[in-house]
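Enquirer: Sharing protein-v7.tsv, TSV, C-alpha atoms:
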chain	number	residue	atom	x	y	z
M	93	MET	CA	127.30	57.93	62.04
M	94	LYS	CA	124.28	60.03	61.10
M	95	LEU	CA	124.41	63.60	59.78
M	96	LEU	CA	122.98	65.19	62.94
M	97	GLN	CA	125.47	63.29	65.09
M	98	MET	CA	128.27	64.42	62.78
M	99	VAL	CA	127.17	68.07	62.97
M	100	LYS	CA	126.88	67.90	66.77
M	101	LEU	CA	130.29	66.22	67.05
M	102	ARG	CA	131.94	68.85	64.84
M	103	GLY	CA	130.29	71.72	66.75
M	104	GLU	CA	131.31	70.46	70.19
M	105	HIS	CA	134.83	69.71	68.98
M	106	LYS	CA	135.16	73.19	67.52
M	107	ASP	CA	133.92	74.86	70.75
M	108	GLY	CA	136.12	72.70	72.96
M	109	ASN	CA	133.09	71.17	74.71
M	110	LEU	CA	133.60	67.61	73.52
M	111	LEU	CA	134.33	66.03	76.91
M	112	CYS	CA	134.90	62.48	78.06
M	113	VAL	CA	131.84	60.81	79.60
M	114	GLY	CA	134.01	59.50	82.45
M	115	CYS	CA	135.79	62.72	83.42
M	116	GLU	CA	136.17	66.39	82.53
M	117	GLU	CA	139.04	65.93	80.04
M	118	LEU	CA	138.66	66.55	76.30
M	119	ALA	CA	137.52	63.49	74.36
M	120	LYS	CA	139.96	61.87	71.96
M	121	CYS	CA	138.03	58.87	70.67
M	122	HIS	CA	134.48	57.75	69.95
M	123	CYS	CA	132.85	54.32	70.47
M	124	ILE	CA	130.68	53.36	67.50
M	125	GLU	CA	128.61	50.85	69.51
M	126	CYS	CA	128.12	52.90	72.69
M	127	GLN	CA	127.92	56.26	70.88
M	128	GLU	CA	130.05	57.78	73.66
M	129	ASN	CA	133.20	59.89	73.72
M	130	TYR	CA	136.27	59.08	75.82
M	131	CYS	CA	139.60	60.63	76.74
M	132	GLN	CA	142.72	58.61	76.01
M	133	ARG	CA	142.82	57.00	79.46
M	134	HIS	CA	139.17	55.96	79.53
M	135	GLY	CA	139.35	54.95	75.88
M	136	ASP	CA	142.20	52.53	76.68
M	137	PHE	CA	140.22	51.13	79.59
M	138	HIS	CA	137.12	50.75	77.37
M	139	ASP	CA	139.22	48.90	74.80
M	140	ARG	CA	140.69	46.51	77.41
M	141	SER	CA	137.45	45.82	79.28
M	142	ARG	CA	136.09	42.31	78.80
M	143	ALA	CA	132.55	43.62	78.22
M	144	THR	CA	133.56	46.17	75.54
M	145	CYS	CA	136.78	44.80	74.07
M	146	ASP	CA	135.01	44.00	70.77
M	147	HIS	CA	133.73	47.57	70.33
M	148	HIS	CA	135.14	49.87	67.65
M	149	LEU	CA	136.96	52.96	68.95
M	150	VAL	CA	137.65	55.67	66.37
M	151	VAL	CA	139.83	58.75	66.79
M	152	ILE	CA	137.53	61.79	66.67
M	153	GLU	CA	139.84	63.88	64.46
M	154	ASP	CA	139.96	61.02	61.94
M	155	ILE	CA	136.16	61.00	61.83
M	156	LEU	CA	135.89	64.73	61.23
M	157	GLU	CA	138.66	64.80	58.60
M	158	SER	CA	137.49	61.75	56.68
M	159	HIS	CA	136.08	61.93	53.13
M	160	GLN	CA	132.82	60.40	54.34
M	161	ALA	CA	132.36	63.18	56.88
M	162	TYR	CA	133.05	65.80	54.22
M	163	GLN	CA	130.44	64.23	51.99
M	164	MET	CA	127.88	64.11	54.78
M	165	LEU	CA	128.44	67.75	55.70
M	166	HIS	CA	128.60	68.97	52.07
M	167	LYS	CA	126.21	66.57	50.48
M	168	ARG	CA	124.58	67.69	47.22
M	169	HIS	CA	120.93	66.74	46.83
M	170	TYR	CA	119.74	65.21	43.56
M	171	CYS	CA	116.20	64.84	42.27
M	172	LEU	CA	114.53	61.51	43.01
M	173	SER	CA	112.88	61.46	39.55
M	174	HIS	CA	115.89	62.73	37.58
M	175	THR	CA	118.82	61.36	39.46
M	176	LYS	CA	121.41	63.38	37.53
M	177	GLU	CA	119.68	66.72	38.13
M	178	LEU	CA	120.42	68.82	41.21
M	179	VAL	CA	117.49	70.11	43.26
M	180	SER	CA	117.61	73.90	42.78
M	181	LEU	CA	113.94	75.00	42.73
M	182	PHE	CA	110.97	74.89	45.13
M	183	CYS	CA	107.29	74.36	44.27
M	184	ARG	CA	105.15	76.44	46.64
M	185	GLU	CA	101.91	74.61	45.81
M	186	CYS	CA	103.36	71.16	46.43
M	187	GLU	CA	105.79	72.45	49.11
M	188	LYS	CA	108.51	70.34	47.57
M	189	ALA	CA	112.04	70.87	46.29
M	190	VAL	CA	112.33	70.02	42.57
M	191	CYS	CA	114.87	70.06	39.74
M	192	PRO	CA	114.53	72.25	36.57
M	193	ARG	CA	113.18	69.30	34.53
M	194	CYS	CA	110.42	68.74	37.11
M	195	ALA	CA	109.64	72.47	37.06
M	196	ILE	CA	108.93	72.45	33.30
M	197	GLY	CA	107.20	69.10	33.51
M	198	PHE	CA	104.76	68.09	36.28
M	199	HIS	CA	105.07	71.45	38.06
M	200	LYS	CA	104.79	73.57	34.90
M	201	SER	CA	101.64	75.43	35.99
M	202	HIS	CA	102.68	75.72	39.64
M	203	ASP	CA	104.28	78.61	41.50
M	204	VAL	CA	107.94	77.64	41.35
M	205	THR	CA	110.79	79.73	42.76
M	206	SER	CA	114.49	79.25	43.45
M	207	ILE	CA	115.78	77.39	46.47
M	208	GLU	CA	117.90	80.45	47.35
M	209	GLU	CA	114.82	82.68	47.56
M	210	VAL	CA	112.99	80.22	49.78
M	211	TYR	CA	116.12	79.84	51.89
M	212	GLU	CA	116.42	83.61	52.36
M	213	HIS	CA	112.75	83.82	53.30
M	214	ILE	CA	113.18	81.03	55.86
M	215	LYS	CA	116.34	82.68	57.15
M	216	VAL	CA	114.52	86.00	57.72
M	217	LYS	CA	111.69	84.20	59.49
M	218	MET	CA	114.15	82.28	61.64
M	219	GLU	CA	115.92	85.52	62.60
M	220	GLU	CA	112.60	87.00	63.71
M	221	LEU	CA	111.80	83.90	65.71
M	222	LYS	CA	115.30	83.94	67.13
M	223	LYS	CA	114.84	87.51	68.40
M	224	LYS	CA	111.51	86.58	69.97
M	225	THR	CA	112.99	83.51	71.61
M	226	GLU	CA	115.97	85.51	72.87
M	227	SER	CA	113.54	87.93	74.50
M	228	LYS	CA	111.65	85.00	75.99
M	229	ILE	CA	114.88	83.44	77.19
M	230	TYR	CA	115.89	86.71	78.90
M	231	ASN	CA	112.49	87.00	80.59
M	232	LEU	CA	112.61	83.39	81.73
M	233	LYS	CA	116.12	83.83	83.12
M	234	GLN	CA	114.96	86.90	85.03
M	235	SER	CA	112.04	84.89	86.35
M	236	ILE	CA	114.43	82.15	87.46
M	237	VAL	CA	116.55	84.75	89.30
M	238	LYS	CA	113.47	86.13	91.03
M	239	ILE	CA	112.24	82.65	91.98
M	240	LYS	CA	115.65	81.70	93.39
M	241	ASN	CA	115.79	84.93	95.39
M	242	ALA	CA	112.29	84.27	96.67
M	243	GLU	CA	113.31	80.69	97.48
M	244	ARG	CA	116.30	81.91	99.51
M	245	GLU	CA	114.12	84.41	101.35
M	246	GLY	CA	111.56	81.67	101.96
M	247	ASP	CA	114.28	79.39	103.37
M	248	VAL	CA	115.44	82.11	105.77
M	249	GLU	CA	111.87	82.85	106.86
M	250	SER	CA	111.17	79.12	107.20
M	251	LEU	CA	114.21	78.59	109.43
M	252	ALA	CA	113.20	81.56	111.61
M	253	ALA	CA	109.63	80.24	111.88
M	254	LYS	CA	110.84	76.73	112.75
M	255	ARG	CA	113.16	78.15	115.41
M	256	LYS	CA	110.27	80.08	116.97
M	257	ILE	CA	108.07	76.98	116.88
M	258	GLN	CA	110.79	74.96	118.61
M	259	GLU	CA	111.19	77.64	121.28
M	260	MET	CA	107.44	77.76	121.83
M	261	THR	CA	107.29	73.96	122.03
M	262	GLU	CA	110.11	73.89	124.57
M	263	ARG	CA	108.28	76.43	126.73
M	264	CYS	CA	105.09	74.37	126.57
M	265	ILE	CA	107.03	71.22	127.48
M	266	ASN	CA	108.57	73.04	130.45
M	267	PHE	CA	105.10	74.14	131.59
M	268	LEU	CA	103.89	70.54	131.31
M	269	LYS	CA	106.88	69.21	133.25
M	270	GLU	CA	106.29	71.72	136.02
M	271	ARG	CA	102.64	70.72	136.22
M	272	GLU	CA	103.64	67.06	136.16
M	273	LEU	CA	105.93	67.59	139.15
M	274	ASP	CA	103.10	69.33	141.05
M	275	LEU	CA	100.64	66.53	140.32
M	276	VAL	CA	103.12	63.77	141.15
M	277	GLY	CA	103.98	65.57	144.40
M	278	LEU	CA	100.33	65.69	145.41
M	279	VAL	CA	99.90	61.99	144.57
M	280	ASN	CA	103.00	61.15	146.62
M	281	GLN	CA	101.62	63.10	149.58
M	282	ARG	CA	98.36	61.21	149.38
M	283	CYS	CA	100.11	57.86	149.04
M	284	SER	CA	102.28	58.68	152.05
M	285	ALA	CA	99.19	59.46	154.12
M	286	ASN	CA	97.63	56.18	153.03
M	287	GLU	CA	100.80	54.28	153.95
M	288	ASP	CA	100.77	55.77	157.47
M	289	VAL	CA	97.17	54.74	158.04
M	290	MET	CA	97.77	51.23	156.65
M	291	LYS	CA	100.87	50.81	158.84
M	292	ILE	CA	98.76	51.57	161.94
M	293	GLN	CA	96.10	49.10	160.83
M	294	LEU	CA	98.74	46.49	160.05
M	295	THR	CA	100.25	46.89	163.52
M	296	GLN	CA	96.85	46.40	165.15
M	297	ILE	CA	96.14	43.33	163.03
M	298	GLU	CA	99.52	41.78	163.86
M	299	GLU	CA	99.01	42.40	167.61
M	300	ASN	CA	95.55	40.80	167.52
M	301	LEU	CA	96.89	37.86	165.51
M	302	THR	CA	99.66	37.32	168.06
M	303	MET	CA	97.16	37.38	170.94
M	304	LEU	CA	94.91	34.82	169.19
M	305	LYS	CA	97.84	32.51	168.44
M	306	GLU	CA	99.13	32.74	172.04
M	307	GLY	CA	95.63	31.94	173.38
M	308	GLN	CA	95.34	28.89	171.13
M	309	GLU	CA	98.81	27.69	172.12
M	310	PHE	CA	98.00	28.17	175.84
M	311	ILE	CA	94.83	26.10	175.59
M	312	GLN	CA	96.53	23.38	173.56
M	313	THR	CA	99.43	23.22	176.02
M	314	ALA	CA	97.07	23.06	179.04
M	315	PHE	CA	95.08	20.13	177.68
M	316	CYS	CA	98.25	18.33	176.69
M	317	ASN	CA	100.37	18.86	179.81
M	318	TRP	CA	98.07	19.74	182.73
M	319	THR	CA	96.04	17.43	184.86
M	320	GLU	CA	92.27	17.46	184.90
M	321	ALA	CA	92.25	18.95	188.38
M	322	GLU	CA	94.53	21.81	187.28
M	323	ILE	CA	92.33	22.62	184.26
M	324	VAL	CA	89.16	22.56	186.40
M	325	ALA	CA	90.84	24.87	188.90
M	326	ILE	CA	91.46	27.62	186.29
M	327	GLU	CA	88.28	27.07	184.28
M	328	ASP	CA	86.96	30.58	184.93
M	329	GLN	CA	90.24	32.25	183.86
M	330	MET	CA	90.43	30.18	180.66
M	331	ILE	CA	86.83	30.90	179.65
M	332	SER	CA	87.31	34.61	180.35
M	333	LYS	CA	90.46	34.70	178.24
M	334	LEU	CA	88.81	32.85	175.34
M	335	GLU	CA	85.81	35.21	175.43
M	336	GLU	CA	88.19	38.17	175.36
M	337	LEU	CA	90.02	36.77	172.32
M	338	SER	CA	86.83	35.88	170.48
M	339	SER	CA	85.58	39.45	170.86
M	340	ILE	CA	88.43	40.81	168.70
M	341	GLU	CA	86.96	42.40	165.53
M	342	THR	CA	88.54	41.40	162.23
M	343	HIS	CA	86.16	43.13	159.78
M	344	LYS	CA	86.55	46.81	160.64
M	345	TYR	CA	89.59	47.42	158.42
M	346	THR	CA	89.31	49.10	154.99
M	347	TYR	CA	91.27	47.88	151.97
M	348	PRO	CA	92.49	50.19	150.49
M	349	VAL	CA	92.20	52.94	153.08
M	350	SER	CA	91.94	55.68	150.41
M	351	LYS	CA	91.46	55.63	146.63
M	352	THR	CA	93.84	57.63	144.39
M	353	GLU	CA	93.08	58.20	140.71
M	354	PHE	CA	93.63	60.76	137.95
M	355	LEU	CA	90.93	61.97	135.57
M	356	ASP	CA	92.05	63.60	132.30
M	357	ASP	CA	88.78	65.40	131.58
M	358	GLY	CA	90.60	68.58	130.53
M	359	ILE	CA	92.62	67.02	127.69
M	360	LYS	CA	90.16	68.25	125.06
M	361	GLY	CA	90.57	71.82	126.21
M	362	LEU	CA	94.35	71.45	126.14
M	363	THR	CA	94.42	69.99	122.61
M	364	GLY	CA	92.13	72.78	121.45
M	365	ALA	CA	94.51	75.36	122.87
M	366	ILE	CA	97.48	73.63	121.21
M	367	ASP	CA	95.71	73.77	117.85
M	368	GLU	CA	95.49	77.55	118.21
M	369	LEU	CA	99.19	78.03	118.95
M	370	GLY	CA	100.94	80.56	116.76
M	371	ASN	CA	100.65	83.93	118.43
M	372	VAL	CA	101.32	85.41	121.85
M	373	VAL	CA	97.68	85.24	122.92
M	374	ALA	CA	97.38	81.56	122.04
M	375	GLU	CA	100.64	80.78	123.78
M	376	GLU	CA	99.45	82.52	126.96
M	377	ARG	CA	96.20	80.56	126.76
M	378	VAL	CA	98.19	77.34	126.71
M	379	ARG	CA	100.18	78.50	129.73
M	380	VAL	CA	96.92	79.05	131.62
M	381	ALA	CA	95.52	75.75	130.37
M	382	ILE	CA	98.59	73.85	131.51
M	383	SER	CA	98.59	75.54	134.92
M	384	ASN	CA	94.99	74.37	135.42
M	385	LEU	CA	95.71	70.77	134.50
M	386	GLY	CA	94.87	68.10	137.07
M	387	ASN	CA	93.23	70.01	139.91
M	388	PHE	CA	92.66	67.76	142.90
M	389	THR	CA	89.20	67.10	144.37
M	390	ARG	CA	88.57	65.17	147.57
M	391	GLU	CA	85.59	62.93	148.35
M	392	LYS	CA	84.75	60.85	151.40
M	393	HIS	CA	85.44	57.17	151.14
M	394	ARG	CA	83.00	54.75	152.73
M	395	GLY	CA	85.70	52.47	154.07
M	396	TRP	CA	87.55	55.04	156.18
M	397	GLU	CA	85.65	57.61	158.18
M	398	GLY	CA	87.54	60.87	158.40
M	399	SER	CA	89.67	60.14	155.31
M	400	SER	CA	88.95	60.94	151.67
M	401	PRO	CA	90.04	59.47	148.35
M	402	LEU	CA	92.35	61.49	146.14
M	403	THR	CA	90.84	62.34	142.77
M	404	CYS	CA	92.72	64.28	140.08
M	405	SER	CA	90.44	65.94	137.52
M	406	TRP	CA	91.32	67.93	134.44
M	407	GLU	CA	89.42	71.22	134.59
M	408	ASP	CA	88.25	72.92	131.44
M	409	CYS	CA	91.17	74.63	129.77
M	410	CYS	CA	90.95	78.26	128.79
Hey, can you dump this file as structure tokens for me?
Expert:
Amino acid sequence: MKLLQMVKLRGEHKDGNLLCVGCEELAKCHCIECQENYCQRHGDFHDRSRATCDHHLVVIEDILESHQAYQMLHKRHYCLSHTKELVSLFCRECEKAVCPRCAIGFHKSHDVTSIEEVYEHIKVKMEELKKKTESKIYNLKQSIVKIKNAEREGDVESLAAKRKIQEMTERCINFLKERELDLVGLVNQRCSANEDVMKIQLTQIEENLTMLKEGQEFIQTAFCNWTEAEIVAIEDQMISKLEELSSIETHKYTYPVSKTEFLDDGIKGLTGAIDELGNVVAEERVRVAISNLGNFTREKHRGWEGSSPLTCSWEDCC
């Protein structure tokens, strides 16, 4: 275990923050391979698991109280050049910790001072930086509070705005549905009128068809069953009846009687009004635009004199 890991482990253990990675209980053991801390229950499970049964679990208190840990936390630093000399001085020019023998040797003409003095200087500098960082931390925390408050206010405003948008959309949908019912009603009226006319024409066609079939059957029956004298005797009546049947007109009917269509010319005006939604004026403009949707215009149809096709046209909105 490295020195920084040992220091972190000791600090968390001392503060009571050394928790198990699997739950919120205090950790009792440490896995050397996984570098994770476990409570007793999860440590037992880790030790029995097939995937981790060969790992080495160590009791945390044994680690912290061991001689090796004491040496790591209280290690004395010796000079690399003079291995029996402790490092107690600091060369400012070389920015390097040295022993007394190095100070009177290679670093003889350099600015050399004691480690304690350098330490105190670093400590003072760290205290100053600590105060500055504490001030920064306070300011950042205040900024976080303000941002969270603004976020909450934004959420409330956003919900209110969404609710208003939904209400506005529902009103527009209701306007559209009302207009749809009006348009469909007008189309149904026109279709009903067309159906009445076509029923009359169909009745006339069926009557004429029946008369033609009866005339053909009469002639066929006469030539099959009557004598020549009988046919000659009623020649004038037969010719008159055939001329009457042949004079029936079969081309005067119109199919369809009336044309019904819908033109969505006003859709651009409606979409433009929808794009401007967001205030009372725009919403009223959409109401007017929707009420003007699909006005009906009538034109004469060539095939049916006196009738007119049904044409739905979108007028310009707004």
Enquirer: Of the candidates M:Leu101, M:Cys112, M:Leu178, M:Cys183, which shows the shortest atom-to-atom distance to Leu156 (chain M), using all atoms listed in the file?
Expert: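 Using all atoms listed in the file, the shortest distance to Leu156 (chain M) belongs to M:Leu101.
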Enquirer: Kindly give the distance, in Å, that separates CA of Gln296 (chain M) and CA of Glu341 (chain M), rounded to a single decimal.
Expert: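 It comes out at 10.7 Å.
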Enquirer: Grab the CA of Lys305 (chain M) to CA of Ser332 (chain M) distance for me, in Å with one decimal place.
Expert: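 Pair CA of Lys305 (chain M) / CA of Ser332 (chain M) returns 16.0 Å.
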Enquirer: What separation in Å, quoted to one decimal, exists between CA of Asn300 (chain M) and CA of Met330 (chain M)?
Expert: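 Answer for the CA of Asn300 (chain M) to CA of Met330 (chain M) separation: 17.7 Å.
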Enquirer: Do a neighbour search on Tyr211 (chain M) at 12 Å with all atoms listed in the file, toss out local chain neighbours closer than 6 positions, and write the hits as a PyMOL selection string.
Expert: chain M and resi 180-182+189+205+217-218
Enquirer: Got time to write the residues from that selection, C-alpha atoms, as a PDB file, in the frame of the given file?
Expert:
ATOM      1  CA  SER M 180     117.610  73.900  42.780  1.00  0.00           C
ATOM      2  CA  LEU M 181     113.940  75.000  42.730  1.00  0.00           C
ATOM      3  CA  PHE M 182     110.970  74.890  45.130  1.00  0.00           C
ATOM      4  CA  ALA M 189     112.040  70.870  46.290  1.00  0.00           C
ATOM      5  CA  THR M 205     110.790  79.730  42.760  1.00  0.00           C
ATOM      6  CA  LYS M 217     111.690  84.200  59.490  1.00  0.00           C
ATOM      7  CA  MET M 218     114.150  82.280  61.640  1.00  0.00           C
TER       8      MET M 218
END
Enquirer: From the list M:Val279, M:Leu149, M:Ala143, M:Leu221, which residue is nearest Lys120 (chain M) when using all atoms listed in the file?
Expert: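 Checking each of M:Val279, M:Leu149, M:Ala143, M:Leu221 against Lys120 (chain M), counting all atoms listed in the file, the winner is M:Leu149.
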Enquirer: May I have the residues within 9 Å of Val204 (chain M) as a list in words, using all atoms listed in the file and disregarding those fewer than 2 positions away in the same chain?
Expert: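 Everything that qualifies: Leu181, Phe182, Cys183, Arg184, Glu185, Val190, Ala195, His199, Lys200, Ser201, His202 and Ser206 of chain M.
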Enquirer: Taking (95.7, 41.1, 165.0) in the coordinates of the supplied file, I want to know which residues reach to within 12 Å of it, counting all atoms listed in the file; could you give the answer as an MDAnalysis selection string?
Expert: chainID M and resid 292:306 337:345
Enquirer: Which residue, M:Lys228, M:Arg193, M:His105, M:His148, has the smallest gap to Tyr170 (chain M) when you use only C-alpha atoms?
Expert: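 Among M:Lys228, M:Arg193, M:His105, M:His148, it is M:Arg193 that comes nearest to Tyr170 (chain M).
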Enquirer: Measuring atom to atom with all atoms listed in the file, identify which of M:Ser284, M:Val210, M:Ile265, M:Val248 is nearest to Lys188 (chain M).
Expert: M:Val210
Enquirer: Would you mind completing region 126-139 of chain M to N, CA and C atoms and writing the output as a short mmCIF file (atom, residue, chain, number, x, y, z; two decimals), in the coordinates of the input?
Expert:
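Resulting contents of result.cif:
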data_model
loop_
_atom_site.label_atom_id
_atom_site.label_comp_id
_atom_site.auth_asym_id
_atom_site.auth_seq_id
_atom_site.Cartn_x
_atom_site.Cartn_y
_atom_site.Cartn_z
N CYS M 126 128.69 52.20 71.53
CA CYS M 126 128.12 52.90 72.69
C CYS M 126 127.68 54.32 72.36
N GLN M 127 128.20 54.88 71.25
CA GLN M 127 127.92 56.26 70.88
C GLN M 127 128.33 57.22 72.01
N GLU M 128 129.52 56.95 72.58
CA GLU M 128 130.05 57.78 73.66
C GLU M 128 131.47 58.20 73.35
N ASN M 129 131.87 59.33 73.94
CA ASN M 129 133.20 59.89 73.72
C ASN M 129 134.06 59.67 74.95
N TYR M 130 135.37 59.38 74.72
CA TYR M 130 136.27 59.08 75.82
C TYR M 130 137.59 59.83 75.65
N CYS M 131 138.22 60.14 76.79
CA CYS M 131 139.60 60.63 76.74
C CYS M 131 140.50 59.43 76.46
N GLN M 132 141.81 59.68 76.36
CA GLN M 132 142.72 58.61 76.01
C GLN M 132 142.75 57.53 77.08
N ARG M 133 142.74 57.96 78.35
CA ARG M 133 142.82 57.00 79.46
C ARG M 133 141.58 56.12 79.53
N HIS M 134 140.40 56.75 79.47
CA HIS M 134 139.17 55.96 79.53
C HIS M 134 138.94 55.18 78.23
N GLY M 135 139.46 55.70 77.12
CA GLY M 135 139.35 54.95 75.88
C GLY M 135 140.16 53.66 75.94
N ASP M 136 141.38 53.74 76.52
CA ASP M 136 142.20 52.53 76.68
C ASP M 136 141.51 51.52 77.59
N PHE M 137 140.92 52.03 78.67
CA PHE M 137 140.22 51.13 79.59
C PHE M 137 139.02 50.48 78.89
N HIS M 138 138.29 51.27 78.11
CA HIS M 138 137.12 50.75 77.37
C HIS M 138 137.56 49.67 76.38
N ASP M 139 138.72 49.85 75.79
CA ASP M 139 139.22 48.90 74.80
C ASP M 139 139.69 47.61 75.45
#
